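Participant: Structure: work09.txt, compact mmCIF, C-alpha atoms.
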```txt
# COMPACT_ATOMS: atom_id res chain seq x y z
CA MET C 1 56.51 134.82 118.62
CA LYS C 2 59.88 133.07 118.78
CA VAL C 3 63.01 134.09 116.88
CA PHE C 4 66.59 132.90 116.50
CA ILE C 5 69.46 135.40 116.70
CA VAL C 6 72.75 134.31 115.09
CA ASP C 7 75.82 136.48 115.73
CA VAL C 8 78.34 135.31 113.16
CA ALA C 9 81.14 137.32 114.78
CA LYS C 10 80.85 135.21 117.94
CA CYS C 11 80.94 131.83 116.17
CA ASN C 12 84.31 130.07 116.48
CA GLY C 13 83.41 127.11 114.29
CA CYS C 14 83.19 124.50 117.06
CA TYR C 15 80.23 122.83 115.28
CA SER C 16 78.58 122.04 118.62
CA CYS C 17 75.20 123.23 117.32
CA GLN C 18 75.39 120.87 114.35
CA LEU C 19 76.53 117.96 116.52
CA VAL C 20 73.92 118.31 119.25
CA CYS C 21 71.17 118.61 116.65
CA LYS C 22 72.19 115.14 115.44
CA ASP C 23 72.32 113.90 119.02
CA GLU C 24 68.83 115.22 119.74
CA HIS C 25 67.14 113.89 116.63
CA VAL C 26 68.96 110.79 115.37
CA ASP C 27 67.18 107.65 116.67
CA ASN C 28 64.71 109.81 118.62
CA ASP C 29 61.03 110.00 117.69
CA TRP C 30 59.57 113.38 118.62
CA THR C 31 56.11 112.85 117.15
CA PRO C 32 54.03 114.89 116.44
CA TYR C 33 56.90 117.22 115.50
CA ALA C 34 59.40 114.90 113.84
CA LYS C 35 60.33 111.32 113.17
CA PRO C 36 63.97 110.28 113.76
CA GLN C 37 66.62 112.01 111.69
CA PRO C 38 68.79 109.68 109.56
CA ASP C 39 72.35 108.96 110.74
CA THR C 40 73.85 110.66 107.67
CA GLY C 41 72.90 113.16 105.01
CA HIS C 42 70.71 115.45 107.12
CA PHE C 43 71.89 118.63 108.85
CA TRP C 44 68.83 120.33 110.32
CA MET C 45 71.30 122.81 111.82
CA LYS C 46 74.13 123.23 109.34
CA VAL C 47 77.28 125.30 109.78
CA HIS C 48 78.51 126.78 106.50
CA GLU C 49 82.25 127.38 106.41
CA LYS C 50 83.81 129.81 103.95
CA VAL C 51 87.33 131.06 103.35
CA HIS C 52 87.50 134.72 102.27
CA GLY C 53 90.50 136.19 100.48
CA GLN C 54 93.89 134.77 99.55
CA VAL C 55 97.01 134.02 101.61
CA PRO C 56 98.16 135.88 103.61
CA LYS C 57 95.02 138.08 103.73
CA VAL C 58 92.49 135.46 104.75
CA LYS C 59 89.42 135.35 106.96
CA LEU C 60 87.59 132.14 107.86
CA GLU C 61 83.93 132.58 108.74
CA TYR C 62 81.18 130.25 109.93
CA VAL C 63 77.45 130.78 109.47
CA ALA C 64 74.96 128.56 111.33
CA ALA C 65 71.83 127.91 109.27
CA PRO C 66 68.70 126.13 110.55
CA CYS C 67 65.27 126.27 108.93
CA MET C 68 64.39 129.97 108.66
CA HIS C 69 60.84 129.42 110.02
CA CYS C 70 59.54 131.92 107.47
CA ASP C 71 56.31 133.79 108.11
CA ASP C 72 55.55 133.47 104.39
CA ALA C 73 56.93 129.95 104.07
CA PRO C 74 56.68 128.41 100.57
CA CYS C 75 56.73 124.92 102.11
CA ILE C 76 53.39 125.66 103.79
CA LYS C 77 51.90 126.76 100.48
CA VAL C 78 52.82 123.63 98.49
CA ALA C 79 52.05 121.10 101.22
CA LYS C 80 48.86 119.09 100.78
CA ASP C 81 46.42 118.41 103.62
CA LYS C 82 48.09 121.13 105.75
CA ALA C 83 51.11 118.89 106.17
CA VAL C 84 53.26 121.94 107.02
CA TYR C 85 52.00 124.51 109.47
CA LYS C 86 53.17 127.43 111.58
CA ARG C 87 52.64 127.24 115.32
CA LYS C 88 51.36 130.18 117.31
CA ASP C 89 54.90 130.76 118.55
CA GLY C 90 56.21 131.06 114.96
CA LEU C 91 57.93 127.69 114.56
CA VAL C 92 57.23 125.99 111.23
CA ILE C 93 56.54 122.26 111.60
CA ILE C 94 56.29 119.46 109.06
CA ASP C 95 53.65 116.99 110.24
CA PRO C 96 55.37 113.58 109.92
CA GLN C 97 52.05 111.80 109.44
CA LYS C 98 50.52 114.04 106.77
CA ALA C 99 53.73 114.86 104.88
CA LYS C 100 54.61 111.30 103.88
CA GLY C 101 55.48 111.13 100.18
CA GLN C 102 55.36 114.89 99.64
CA GLN C 103 58.79 115.54 98.14
CA GLN C 104 57.63 118.89 96.72
CA ILE C 105 58.01 120.25 100.24
CA VAL C 106 61.77 119.67 99.95
CA ASP C 107 62.08 121.09 96.45
CA VAL C 108 60.39 124.41 97.18
CA CYS C 109 62.67 125.59 100.01
CA PRO C 110 65.03 128.29 98.61
CA TYR C 111 67.32 127.93 101.64
CA ASP C 112 67.87 124.18 101.08
CA ALA C 113 66.90 123.65 104.71
CA ILE C 114 64.52 120.72 104.12
CA TYR C 115 65.82 117.19 103.58
CA TRP C 116 64.30 114.05 102.11
CA ASN C 117 64.32 110.88 104.23
CA GLU C 118 64.31 108.14 101.62
CA ASP C 119 63.67 105.32 104.09
CA SER C 120 60.68 107.05 105.69
CA GLN C 121 59.61 108.87 102.51
CA LEU C 122 59.40 112.04 104.56
CA PRO C 123 60.51 115.66 104.17
CA GLN C 124 62.29 116.67 107.39
CA LYS C 125 63.93 119.75 108.88
CA CYS C 126 64.70 121.77 112.00
CA THR C 127 61.70 121.98 114.30
CA GLY C 128 63.26 124.56 116.59
CA CYS C 129 63.27 121.64 119.03
CA ALA C 130 59.55 122.28 119.51
CA HIS C 131 59.34 119.35 121.94
CA LEU C 132 61.83 121.14 124.21
CA VAL C 133 60.27 124.58 123.72
CA ASP C 134 56.97 123.07 124.90
CA GLU C 135 58.74 122.28 128.18
CA GLY C 136 60.05 125.83 128.53
CA ARG C 137 63.57 124.86 127.42
CA GLU C 138 65.86 126.17 124.66
CA PRO C 139 66.62 124.34 121.40
CA ARG C 140 69.63 122.06 121.82
CA CYS C 141 71.75 124.11 119.42
CA VAL C 142 71.26 127.25 121.50
CA ASP C 143 71.87 125.45 124.77
CA ALA C 144 75.15 124.00 123.45
CA CYS C 145 76.55 127.28 122.04
CA ALA C 146 79.50 128.16 124.28
CA THR C 147 80.13 131.61 122.79
CA GLY C 148 76.59 133.00 122.78
CA ALA C 149 76.51 133.10 118.98
CA LEU C 150 73.05 131.49 119.04
CA GLN C 151 70.11 132.91 120.96
CA PHE C 152 66.43 131.97 120.97
CA GLY C 153 63.43 133.58 122.56
CA GLU C 154 60.58 136.02 122.27
CA GLU C 155 60.75 138.55 119.47
CA SER C 156 59.83 141.34 121.89
CA ASP C 157 62.89 140.54 124.02
CA PHE C 158 65.25 140.91 121.06
CA LYS C 159 63.93 144.16 119.57
CA GLU C 160 67.24 146.00 119.87
CA LEU C 161 69.25 143.18 118.28
CA ILE C 162 66.70 142.66 115.51
CA ALA C 163 66.94 146.36 114.65
CA GLN C 164 70.67 145.85 113.98
CA ALA C 165 70.29 142.49 112.24
CA GLU C 166 69.54 141.27 108.74
CA VAL C 167 67.96 138.15 107.32
CA MET C 168 69.39 135.62 104.91
CA LYS C 169 68.44 136.35 101.30
CA PRO C 170 66.01 139.22 101.98
CA GLU C 171 65.24 139.39 98.25
CA TYR C 172 63.14 136.24 98.65
CA GLY C 173 60.63 138.25 100.70
CA LEU C 174 59.73 135.27 102.91
CA GLN C 175 60.02 137.04 106.27
CA PRO C 176 62.31 134.54 108.00
CA ARG C 177 62.40 134.43 111.79
CA VAL C 178 66.15 133.78 111.96
CA TYR C 179 68.05 137.06 112.29
CA TYR C 180 71.76 137.49 111.64
CA LEU C 181 74.29 139.88 113.11
CA ASN C 182 77.65 140.41 111.40
CA LEU C 183 76.98 138.34 108.29
CA PRO C 184 80.17 137.93 106.22
CA LYS C 185 80.90 140.81 103.85
CA LEU C 186 83.59 141.25 101.23
CA PHE C 187 86.96 142.89 101.82
CA ILE C 188 89.89 144.29 99.89
CA ALA C 189 93.28 144.02 101.58
CA GLY C 190 96.92 144.40 100.68
CA GLU C 191 100.37 145.67 101.61
CA VAL C 192 102.48 148.70 100.75
CA TYR C 193 106.30 148.68 100.75
CA ASP C 194 109.43 150.58 99.70
CA PRO C 195 111.32 148.43 97.15
CA GLU C 196 114.62 150.33 97.58
CA LEU C 197 114.68 149.93 101.34
CA ASP C 198 112.93 146.55 101.12
CA GLU C 199 110.75 147.65 104.04
CA CYS C 200 107.03 147.80 104.75
CA LEU C 201 105.60 151.32 104.70
CA SER C 202 103.45 152.40 107.61
CA GLY C 203 101.34 155.54 107.55
CA ALA C 204 100.47 155.39 103.84
CA VAL C 205 96.95 156.67 103.13
CA ILE C 206 94.83 154.26 101.09
CA THR C 207 91.75 155.69 99.39
CA LEU C 208 89.19 153.25 98.01
CA THR C 209 86.47 154.61 95.71
CA ASN C 210 83.39 152.77 94.47
CA GLU C 211 83.52 153.54 90.74
CA VAL C 212 79.73 153.33 90.42
CA THR C 213 78.41 155.10 93.52
CA GLY C 214 81.38 157.38 94.15
CA ALA C 215 81.50 156.35 97.83
CA VAL C 216 84.96 156.92 99.31
CA MET C 217 86.68 155.06 102.16
CA ARG C 218 90.11 155.65 103.65
CA GLU C 219 92.52 153.55 105.67
CA THR C 220 96.11 153.98 106.83
CA THR C 221 98.70 151.22 106.63
CA ASP C 222 99.88 149.77 109.94
CA HIS C 223 103.45 148.99 111.05
CA PHE C 224 103.49 145.99 108.73
CA GLY C 225 102.32 148.02 105.74
CA ASP C 226 98.97 146.28 105.81
CA TYR C 227 95.54 147.75 105.11
CA TRP C 228 92.02 146.30 105.12
CA PHE C 229 88.72 147.58 103.72
CA ARG C 230 85.90 145.54 105.22
CA LYS C 231 82.13 145.26 104.80
CA LEU C 232 82.23 145.93 101.06
CA SER C 233 79.60 145.12 98.45
CA VAL C 234 80.10 143.51 95.06
CA GLY C 235 81.20 146.17 92.57
CA SER C 236 84.00 147.98 90.79
CA TYR C 237 86.54 149.92 92.86
CA SER C 238 89.63 152.06 92.35
CA LEU C 239 92.46 152.34 94.83
CA LYS C 240 94.90 155.21 95.43
CA VAL C 241 97.96 155.14 97.69
CA SER C 242 99.60 158.33 98.99
CA LYS C 243 102.50 158.93 101.34
CA GLU C 244 104.62 162.03 101.87
CA GLY C 245 107.92 161.76 100.01
CA TYR C 246 106.59 159.14 97.57
CA GLN C 247 104.83 159.20 94.22
CA ASP C 248 101.11 158.44 94.31
CA PHE C 249 100.01 155.04 93.06
CA THR C 250 96.61 154.26 91.53
CA MET C 251 94.92 150.95 90.74
CA PRO C 252 91.59 151.32 88.88
CA GLY C 253 89.09 148.66 87.85
CA ILE C 254 89.18 146.28 90.83
CA ASN C 255 86.20 144.04 90.07
CA LEU C 256 85.15 142.79 93.49
CA GLN C 257 83.07 139.60 93.39
CA GLU C 258 84.83 137.77 96.21
CA SER C 259 87.07 139.04 99.00
CA THR C 260 90.48 139.66 97.56
CA LYS C 261 94.10 140.46 98.33
CA VAL C 262 95.40 142.91 95.76
CA PRO C 263 99.05 142.63 94.65
CA ASP C 264 101.61 144.22 96.96
CA ILE C 265 102.12 147.87 96.09
CA ALA C 266 105.62 149.32 95.72
CA LEU C 267 105.89 153.08 96.26
CA THR C 268 108.79 154.96 94.70
CA LYS C 269 110.26 158.29 95.82
```
In structure tokens, what does this structure look like?
Facilitator:
Amino acid sequence: MKVFIVDVAKCNGCYSCQLVCKDEHVDNDWTPYAKPQPDTGHFWMKVHEKVHGQVPKVKLEYVAAPCMHCDDAPCIKVAKDKAVYKRKDGLVIIDPQKAKGQQQIVDVCPYDAIYWNEDSQLPQKCTGCAHLVDEGREPRCVDACATGALQFGEESDFKELIAQAEVMKPEYGLQPRVYYLNLPKLFIAGEVYDPELDECLSGAVITLTNEVTGAVMRETTDHFGDYWFRKLSVGSYSLKVSKEGYQDFTMPGINLQESTKVPDIALTK
């Protein structure tokens, strides 16, 4: 069974995967797997770009998202006349002959990975480049990835990576066959300084406590007075700053919904 592995940490946002998907499918008829993709409006491989945090504590992350080729795919369940099916290798295919007029196939996908071709009256999506896979080749998006952020192959060959990975929206319970490494998580970041000296303070100990679970994390400010807490979950946090020779500073009730830069913290002696 085939799987995709997407390592978000390796993606530099070049958009090659998105571009070559258009090149492979626009104006090309790959029946029985797909009719031509429209020039505009469809992104069978789509790169989602998101800015986390606020200046100057900012991270820009890119997440490539094709069809998830779910083992329990809702599109298969709503399709009439078996217009959507799963191949023996795990790729989910929309039959371009049988699926004509079946817009419910688009509407049921919780990942928004299926598009409606108004001219052809067809639901369409990533096929995993099944026509290339049949020839023993990789999907175009994988072949074009210069950083190795995208991989494709047999599930058995990726056991170690899959064990470290997660899937998109696991709460849906659809058993997608696209696995992600290093999916974006939230962070809290900031800076500590001495207002009298007007200097950044290195070596300050920052303690971050989850106010619900009680989990505690610690970081130390660098030479620029900066600190980062990464891979955080949504929740309420409290922050404490300590440094020898200075009064402790506390900041309770940080409601983390999106990555955030907290206000600069001034420590007094």
Participant: Between C:Ile254, C:Ile114, C:Cys129, C:Val192, which residue has the minimum interatomic distance to Asp143 (chain C), considering all atoms listed in the file?
Facilitator: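 Of C:Ile254, C:Ile114, C:Cys129, C:Val192, the one nearest Asp143 (chain C) is C:Cys129, counting all atoms listed in the file.
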Participant: I'd like a table as a Markdown table: residues in region 149-203 of chain C with an atom no more than 9 Å from region 219-225 of chain C, each row giving the shortest atom pair and its distance in Å to one decimal, only C-alpha atoms counted, sorted by chain and rising residue number.
Facilitator:
```
| residue | atom | partner | partner_atom | distance |
| --- | --- | --- | --- | --- |
| C:Gly190 | CA | C:Gly225 | CA | 8.2 |
| C:Glu191 | CA | C:Gly225 | CA | 5.1 |
| C:Val192 | CA | C:Gly225 | CA | 5.0 |
| C:Tyr193 | CA | C:Gly225 | CA | 6.4 |
| C:Glu199 | CA | C:Gly225 | CA | 8.6 |
| C:Cys200 | CA | C:Gly225 | CA | 4.8 |
| C:Leu201 | CA | C:Gly225 | CA | 4.8 |
| C:Ser202 | CA | C:His223 | CA | 4.8 |
| C:Gly203 | CA | C:Thr221 | CA | 5.1 |
```
Participant: At a cut-off of 6 Å, using all atoms listed in the file, what residues contact region 56-67 of chain C? Leave out same-chain residues fewer than 3 positions from it and give the result as a ChimeraX atom specification.
Facilitator: /C:8,13,44-53,113,126,261
Participant: Since we have the selection now, will you write its residues out, keeping C-alpha atoms, as a CSV table (one decimal), in the frame of the given file?
Facilitator:
```
chain,number,residue,atom,x,y,z
C,8,VAL,CA,78.3,135.3,113.2
C,13,GLY,CA,83.4,127.1,114.3
C,44,TRP,CA,68.8,120.3,110.3
C,45,MET,CA,71.3,122.8,111.8
C,46,LYS,CA,74.1,123.2,109.3
C,47,VAL,CA,77.3,125.3,109.8
C,48,HIS,CA,78.5,126.8,106.5
C,49,GLU,CA,82.2,127.4,106.4
C,50,LYS,CA,83.8,129.8,104.0
C,51,VAL,CA,87.3,131.1,103.4
C,52,HIS,CA,87.5,134.7,102.3
C,53,GLY,CA,90.5,136.2,100.5
C,113,ALA,CA,66.9,123.6,104.7
C,126,CYS,CA,64.7,121.8,112.0
C,261,LYS,CA,94.1,140.5,98.3
```
Participant: Find the residues with any atom within 10 Å of (47.8, 119.1, 105.8); use all atoms listed in the file and the coordinates as given in the file, and write the answer as a list in words.
Facilitator: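 Nearby residues: Ile76, Val78, Ala79, Lys80, Asp81, Lys82, Ala83, Val84, Tyr85, Ile94, Asp95, Gln97, Lys98 and Ala99 of chain C.
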Participant: Measuring atom to atom with all atoms listed in the file, identify which of C:Thr40, C:His131, C:Asp27, C:Leu183 is nearest to Tyr115 (chain C).
Facilitator: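 The answer is C:Thr40, which sits nearest to Tyr115 (chain C).
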Participant: Find the residues around Ser120 (chain C) up to 10 Å (all atoms listed in the file counted), leave out those fewer than 3 positions away in its own chain, and share them as a list of chain:residue names.
Facilitator: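 Once the nearby chain positions are removed, what remains is C:Lys35, C:Pro36, C:Gln37, C:Pro38, C:Pro96, C:Lys100, C:Gly101, C:Trp116, C:Asn117, C:Pro123, C:Gln124.
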Participant: What is the CA of Cys70 (chain C)-CA of Ser259 (chain C) distance in Å, reported with one decimal?
Facilitator: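 Those two atoms sit 29.7 Å apart.
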Participant: Find the distance between CA of Thr127 (chain C) and CA of Gly153 (chain C) and write it in Å to one decimal.
Facilitator: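 Result for CA of Thr127 (chain C) versus CA of Gly153 (chain C): 14.3 Å, one decimal.
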Participant: As a PyMOL selection string, please: the residues near Ala9 (chain C) (cut-off 8 Å, only C-alpha atoms, same-chain neighbours under 6 positions excluded).
Facilitator: chain C and resi 149+181-183
Participant: Record the distance separating CA of Asp112 (chain C) and CA of Tyr172 (chain C), expressed in Å with one decimal.
Facilitator: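 About the pair CA of Asp112 (chain C) and CA of Tyr172 (chain C): they are 13.2 Å apart.
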Participant: Looking at C:Pro176, C:Ala130, C:Ser156, C:Glu135, which one is nearest to Lys88 (chain C), with distances taken over all atoms listed in the file?
Facilitator: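 Ranking C:Pro176, C:Ala130, C:Ser156, C:Glu135 by distance to Lys88 (chain C), first place goes to C:Ala130.
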Participant: With distances taken over all atoms listed in the file, which of C:Tyr111, C:Phe43, C:Tyr33, C:Phe4 is nearest to Leu161 (chain C)?
Facilitator: C:Phe4
Participant: Using only the atoms of region 234-250 of chain C listed in the file, plus 6 Å on each side, state the axis-aligned box centre and edge lengths in Å rounded to one decimal, as AutoDock Vina command-line options.
Facilitator:
```
--center_x 94.0 --center_y 152.8 --center_z 96.3 --size_x 39.8 --size_y 30.5 --size_z 23.1
```
Participant: Neighbouring residues of Glu244 (chain C) were defined as those with any atom within 10 Å, considering all atoms listed in the file; residues of the same chain fewer than 6 positions away were excluded. Please report them as a PyMOL selection string.
Facilitator: chain C and resi 203-205+269
Participant: Might you pull out every residue within 8 Å of Pro195 (chain C), with only C-alpha atoms counted and same-chain residues fewer than 3 positions away left off, and present them as a list in words?
Facilitator: Asp198, Glu199, Ala266, Leu267 and Thr268 of chain C
Participant: With distances taken over only C-alpha atoms, which residue among C:Gln54, C:Pro32, C:His42, C:Asp7 lies nearest Ile93 (chain C)?
Facilitator: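 Counting only C-alpha atoms, the residue closest to Ile93 (chain C) is C:Pro32.
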Participant: With distances taken over only C-alpha atoms, which residue among C:Ile105, C:Cys141, C:Ala73, C:Ala146 lies nearest Leu19 (chain C)?
Facilitator: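 Nearest candidate to Leu19 (chain C) out of C:Ile105, C:Cys141, C:Ala73, C:Ala146: C:Cys141.
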